[in-house]
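Participant: Here it is, the structure in full.
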Amino acid sequence: MDRVLPGKIEAVLLYDEMVPFQPEDLLPVLNNALARINLPPAFQRIVVEQPPGYLHYSGAGLTVQITQSPDPKAPEGFGGAVASGFTQIVFKEAREVVASHRQHVFISIVAGVPLPDHPLLDEIGYEAETLEAWQFDLALQMMKDLTCAYYSRVPPRAIHWVQSDQMVDAQRFGALAMDENDLSLFVHPGVTWSGKMVGDSQALGFRTYGAQNFIGKEIIFDETHVNFAFCYLRTLMFIAMARTSGTITPHGNTFGTDETEFIRVRHEPDPAGRDPQGIIRLTLERSDAHDFRIDGDSQAEEDDASGFDLNDPVQRAMYERVKQVKAQQDAAPAEGRKTFGKRTSGPSLH
C-alpha cells in the first residue's frame, strides 16, 4: 500500500483576537509528540530575523514555522474549502468568518529545510522534500497538538485544515481533538450531485480529499439517497481497516458491519484524470438499516456488462475499458452536474 504523501502540513487559525505564544512555550508540545512515539526530545528553537510573533523550530527532520499575525489572512487560499458542499452542510458560517476575521495564526510543518521562492530553483528543477510516512503521521499529530494549544487559550472562530482542505469550526474541532482515532479531520468528502432525485431526496456522492495520504488512493462514493453521514462514516471505516491491516479490500469484494450491509469495492482509473495511481470506488448495494438494496450481488455491474462474458479475460478487459470511457464521460463538466471541493496538491494554498 503505497501512500501518496505531501511535503508539508499546514493549518490556519482565524481569530477576532488571539493570545500569542512566546517561543519557549511551544517546545514542550513539539517534544511531547516525539515522546509519544518513543523518540528523544529533538526540537529546538531557531532564532531568525522575522517580524514579532514569528516562531521557528527544527527537529526530527522537520521544520515548524508559526506566524502569529495581528492582521487577517488573505481570502484567496480558502476558496475551495469554503465552496465545498460539505462545508455548507457542517459549517454554514465559514464564508462569513473568512470575510470578517481580524487576526490569524498560520502553522506550517515541512520536511527538511524550506527554501525561499526563487526563479533559479524552478530553473534547475528543484523539488521540495516529501514527508516520509512516519514523519507525515508525526506532523499530523504535531499540527493537531499545536492547534489544541492555541484552542486551549482562545478557541479560534475557524480552522482551515489544509491537508484535507476543509474548514472546521471551533466546536467541531474540539470534539475531533478528543478522539485520537477519528479520521474525519484528515479526510474531506467533496460532495457530488448529478441532479438525481429519489423521491424528495437528493442522491449524493462524494470524492475524498486526503484518503491517498493514508491508503495511496482517493475514494469516490457513488451517489445514493441513503444518509450522507452513514456513507461518510463507512468510508472512514474502510480507510481505518486498510491502515490496520496494511492492505486494501480487493477489487470486486464487499465490506460492511454485518451481513445486512454490503458496500462494493472497485479499483479503477481516475475518471477525472487527476491521480495516476487511480481511485477506489465504493458503491452501497445493501443496507437493511436504511431499507436499501440493489437486487443481486451487483446489479449495476451486471447492467453495464450486458453483452460481455466477464469470465473471458479479453471480454473482461474490453468491458473495463468501456466502463473507463463511460466514467470519463460522466466526469466531464455538463449542465446540471455539480461538484464541490478542491484538490490541495502542489503549492501551498496560503
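Just so we're on the same page: first chain in the C-alpha cells is A, next is B, and so on; residues restart at 1 for each chain, and ligands are numbered from 1 in the order they show up.
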Quick one: DSSP helix (DSSP H, G or I) residues in segment 146-221 of chain A, as number ranges by chain?

Facilitator: A: 146-153, 170-178, 212-215

Participant: Check the DSSP output for the backbone and give back, as an NGL selection string, the residues of segment 163-276 of chain A in strand (DSSP E).

Facilitator: :A and (166-169 or 188-193 or 197-198 or 201-202 or 204-209 or 218-224 or 254-255 or 261-268)

Participant: Using only C-alpha atoms, determine which residues lie at most 9 Å from segment 149-158 of chain A, disregarding the query and same-chain residues fewer than 4 positions distant; provide the list as a PyMOL selection string.

Facilitator: chain A and resi 12-21+26+29+94+97-98+101+104-105+144-145+167-171+173-174

Participant: Go ahead and write the residues just picked, N, CA and C atoms, as a short mmCIF file (atom, residue, chain, number, x, y, z; two decimals), in the first residue's frame.

Facilitator:
data_model
loop_
_atom_site.label_atom_id
_atom_site.label_comp_id
_atom_site.auth_asym_id
_atom_site.auth_seq_id
_atom_site.Cartn_x
_atom_site.Cartn_y
_atom_site.Cartn_z
N VAL A 12 -4.47 27.05 9.24
CA VAL A 12 -4.67 28.47 9.51
C VAL A 12 -5.78 28.61 10.53
N LEU A 13 -5.51 29.32 11.62
CA LEU A 13 -6.49 29.56 12.68
C LEU A 13 -6.96 31.01 12.57
N LEU A 14 -8.26 31.20 12.46
CA LEU A 14 -8.83 32.53 12.27
C LEU A 14 -9.42 33.05 13.57
N TYR A 15 -9.06 34.28 13.92
CA TYR A 15 -9.44 34.87 15.19
C TYR A 15 -10.03 36.27 15.00
N ASP A 16 -10.78 36.70 15.99
CA ASP A 16 -11.03 38.12 16.18
C ASP A 16 -9.89 38.72 16.98
N GLU A 17 -9.48 38.00 18.04
CA GLU A 17 -8.33 38.43 18.84
C GLU A 17 -7.67 37.19 19.43
N MET A 18 -6.43 36.96 19.07
CA MET A 18 -5.71 35.78 19.55
C MET A 18 -4.85 36.15 20.76
N VAL A 19 -4.33 35.12 21.44
CA VAL A 19 -3.36 35.29 22.52
C VAL A 19 -2.08 34.59 22.07
N PRO A 20 -1.05 35.34 21.67
CA PRO A 20 0.15 34.70 21.10
C PRO A 20 0.97 33.96 22.14
N PHE A 21 1.72 32.98 21.66
CA PHE A 21 2.67 32.24 22.48
C PHE A 21 4.05 32.87 22.36
N LEU A 26 6.07 26.59 23.23
CA LEU A 26 5.61 25.50 22.38
C LEU A 26 6.62 24.38 22.21
N VAL A 29 5.32 21.10 23.59
CA VAL A 29 4.28 20.50 22.74
C VAL A 29 4.93 19.66 21.64
N ALA A 94 -18.89 29.61 7.49
CA ALA A 94 -17.47 29.65 7.13
C ALA A 94 -17.12 30.85 6.27
N VAL A 97 -16.99 33.99 8.30
CA VAL A 97 -15.83 34.02 9.20
C VAL A 97 -14.57 34.40 8.42
N VAL A 98 -14.38 33.83 7.24
CA VAL A 98 -13.22 34.17 6.41
C VAL A 98 -13.24 35.65 6.06
N HIS A 101 -12.86 37.82 9.92
CA HIS A 101 -11.87 37.63 10.99
C HIS A 101 -10.84 38.76 10.93
N HIS A 104 -4.88 36.15 12.63
CA HIS A 104 -4.74 34.73 12.30
C HIS A 104 -3.41 34.17 12.79
N VAL A 105 -3.39 32.84 12.88
CA VAL A 105 -2.16 32.08 13.15
C VAL A 105 -1.99 31.11 11.98
N LYS A 144 -2.06 18.84 15.13
CA LYS A 144 -3.23 18.73 16.00
C LYS A 144 -2.91 19.26 17.40
N ASP A 145 -1.72 18.89 17.92
CA ASP A 145 -1.32 19.33 19.27
C ASP A 145 -1.11 20.84 19.32
N MET A 167 -12.77 23.47 6.15
CA MET A 167 -12.98 24.46 7.20
C MET A 167 -13.66 23.79 8.38
N VAL A 168 -13.16 24.05 9.57
CA VAL A 168 -13.69 23.42 10.77
C VAL A 168 -14.00 24.51 11.79
N ASP A 169 -15.20 24.50 12.35
CA ASP A 169 -15.49 25.47 13.41
C ASP A 169 -14.91 24.98 14.73
N ALA A 170 -14.84 25.87 15.70
CA ALA A 170 -14.17 25.56 16.97
C ALA A 170 -14.84 24.39 17.69
N GLN A 171 -16.16 24.36 17.70
CA GLN A 171 -16.86 23.29 18.41
C GLN A 171 -16.55 21.92 17.80
N PHE A 173 -13.92 21.10 15.97
CA PHE A 173 -12.52 20.76 16.20
C PHE A 173 -12.31 20.24 17.62
N GLY A 174 -12.96 20.88 18.59
CA GLY A 174 -12.83 20.42 19.97
C GLY A 174 -13.27 18.98 20.13
#

Participant: Select, from A:Gly53, A:Gly80, A:Gly190, A:Gly112, the residue with the minimum atom-to-atom distance to Thr67 of chain A, counting only C-alpha atoms.

Facilitator: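 Among the listed residues, the smallest separation from Thr67 of chain A belongs to A:Gly53.
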
Participant: Please identify all polymer residues within 6 Å of Arg264 of chain A, counting only C-alpha atoms, omitting same-chain residues fewer than 3 positions from it, and present them as a PyMOL selection string.

Facilitator: chain A and resi 253-254+282-283

Participant: Of the candidates A:Phe86, A:Phe91, A:Phe292, A:Phe106, which one gets nearest to Ser69 of chain A if we count only C-alpha atoms?

Facilitator: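 Going through A:Phe86, A:Phe91, A:Phe292, A:Phe106 one by one, the smallest distance to Ser69 of chain A is for A:Phe106.
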
Participant: A:Glu76, A:Glu10, A:Asp222, A:Asp137: which is nearest Thr208 of chain A, counting only C-alpha atoms?

Facilitator: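 Going through A:Glu76, A:Glu10, A:Asp222, A:Asp137 one by one, the smallest distance to Thr208 of chain A is for A:Asp222.
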
Participant: Could you check the closest approach to Gln135 of chain A for each of A:Val198, A:Ala81, A:Ala272, A:Ile109 and tell me which residue wins, using only C-alpha atoms?

Facilitator: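 Looking at the shortest contact to Gln135 of chain A, the residue is A:Ile109.
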
Participant: Between atom CA of Phe136 of chain A and atom CA of Ser84 of chain A, what is the distance in Å, rounded to a tenth?

Facilitator: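 Computed distance, atom CA of Phe136 of chain A to atom CA of Ser84 of chain A, equals 24.8 Å.
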
Participant: Looking at only C-alpha atoms, which of A:Leu34, A:Met197, A:Val162, A:Met143 is the one that sits closest to Leu349 of chain A?

Facilitator: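 Selected residue with least distance to Leu349 of chain A: A:Val162.
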
Participant: Could you check which of A:Gln50, A:Ser245, A:Ser108, A:Ser184 is closest to Tyr209 of chain A, using only C-alpha atoms?

Facilitator: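 Of A:Gln50, A:Ser245, A:Ser108, A:Ser184, the one nearest Tyr209 of chain A, counting only C-alpha atoms, is A:Ser184.
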
Participant: Just want the 9 Å neighbourhood of Ala33 of chain A, counted on only C-alpha atoms, with same-chain residues fewer than 6 positions away dropped. Output as a list of chain:residue names.

Facilitator: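 Returned residues: A:Leu39, A:Pro41, A:Leu138, A:Ala139, A:Gln141, A:Met142, A:Asp145.
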
Participant: Since we have the selection now, will you write its residues out, keeping C-alpha atoms, as an mmCIF file, in the first residue's frame?

Facilitator:
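Generated file (out-v1.cif):
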data_model
loop_
_atom_site.group_PDB
_atom_site.id
_atom_site.type_symbol
_atom_site.label_atom_id
_atom_site.label_comp_id
_atom_site.auth_asym_id
_atom_site.auth_seq_id
_atom_site.Cartn_x
_atom_site.Cartn_y
_atom_site.Cartn_z
ATOM 1 C CA LEU A 39 11.835 9.396 20.322
ATOM 2 C CA PRO A 41 13.410 15.413 22.545
ATOM 3 C CA LEU A 138 4.121 12.712 13.333
ATOM 4 C CA ALA A 139 3.480 16.048 11.584
ATOM 5 C CA GLN A 141 -0.200 14.761 15.347
ATOM 6 C CA MET A 142 2.044 17.765 15.986
ATOM 7 C CA ASP A 145 -1.321 19.332 19.267
#

Participant: For Asp25 of chain A, please output as a list of chain:residue names all residues within 12 Å (counting only C-alpha atoms; exclusion window: fewer than 5 positions along the same chain).

Facilitator: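 Those residues are A:Pro20, A:Leu30, A:Asn31, A:Gln44, A:Arg45, A:Leu55, A:Tyr57, A:Leu146, A:Ala149, A:Tyr150.
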
Participant: Record the distance separating atom CA of Gln277 of chain A and atom CA of Ile219 of chain A, expressed in Å with one decimal.

Facilitator: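 Distance reported for this atom pair: 11.7 Å.
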
Participant: Skip Gly246 of chain A itself and residues of its chain fewer than 6 positions away, then list as an mmCIF file with N, CA, C and O atoms, in the first residue's frame all residues within 10 Å of it, counting only C-alpha atoms.

Facilitator:
data_model
loop_
_atom_site.group_PDB
_atom_site.id
_atom_site.type_symbol
_atom_site.label_atom_id
_atom_site.label_comp_id
_atom_site.auth_asym_id
_atom_site.auth_seq_id
_atom_site.Cartn_x
_atom_site.Cartn_y
_atom_site.Cartn_z
ATOM 1 N N MET A 1 0.860 -1.192 0.000
ATOM 2 C CA MET A 1 0.000 0.000 0.000
ATOM 3 C C MET A 1 0.895 1.241 0.000
ATOM 4 O O MET A 1 1.434 1.628 1.034
ATOM 5 N N ASP A 2 1.105 1.809 -1.170
ATOM 6 C CA ASP A 2 1.994 2.966 -1.313
ATOM 7 C C ASP A 2 1.221 4.253 -1.062
ATOM 8 O O ASP A 2 0.384 4.662 -1.873
ATOM 9 N N ILE A 215 -3.956 5.638 2.374
ATOM 10 C CA ILE A 215 -4.072 4.338 1.697
ATOM 11 C C ILE A 215 -3.625 4.393 0.235
ATOM 12 O O ILE A 215 -3.786 3.415 -0.492
ATOM 13 N N ALA A 240 -9.730 3.131 7.857
ATOM 14 C CA ALA A 240 -9.174 2.630 9.113
ATOM 15 C C ALA A 240 -8.846 1.143 9.010
ATOM 16 O O ALA A 240 -7.806 0.686 9.524
#
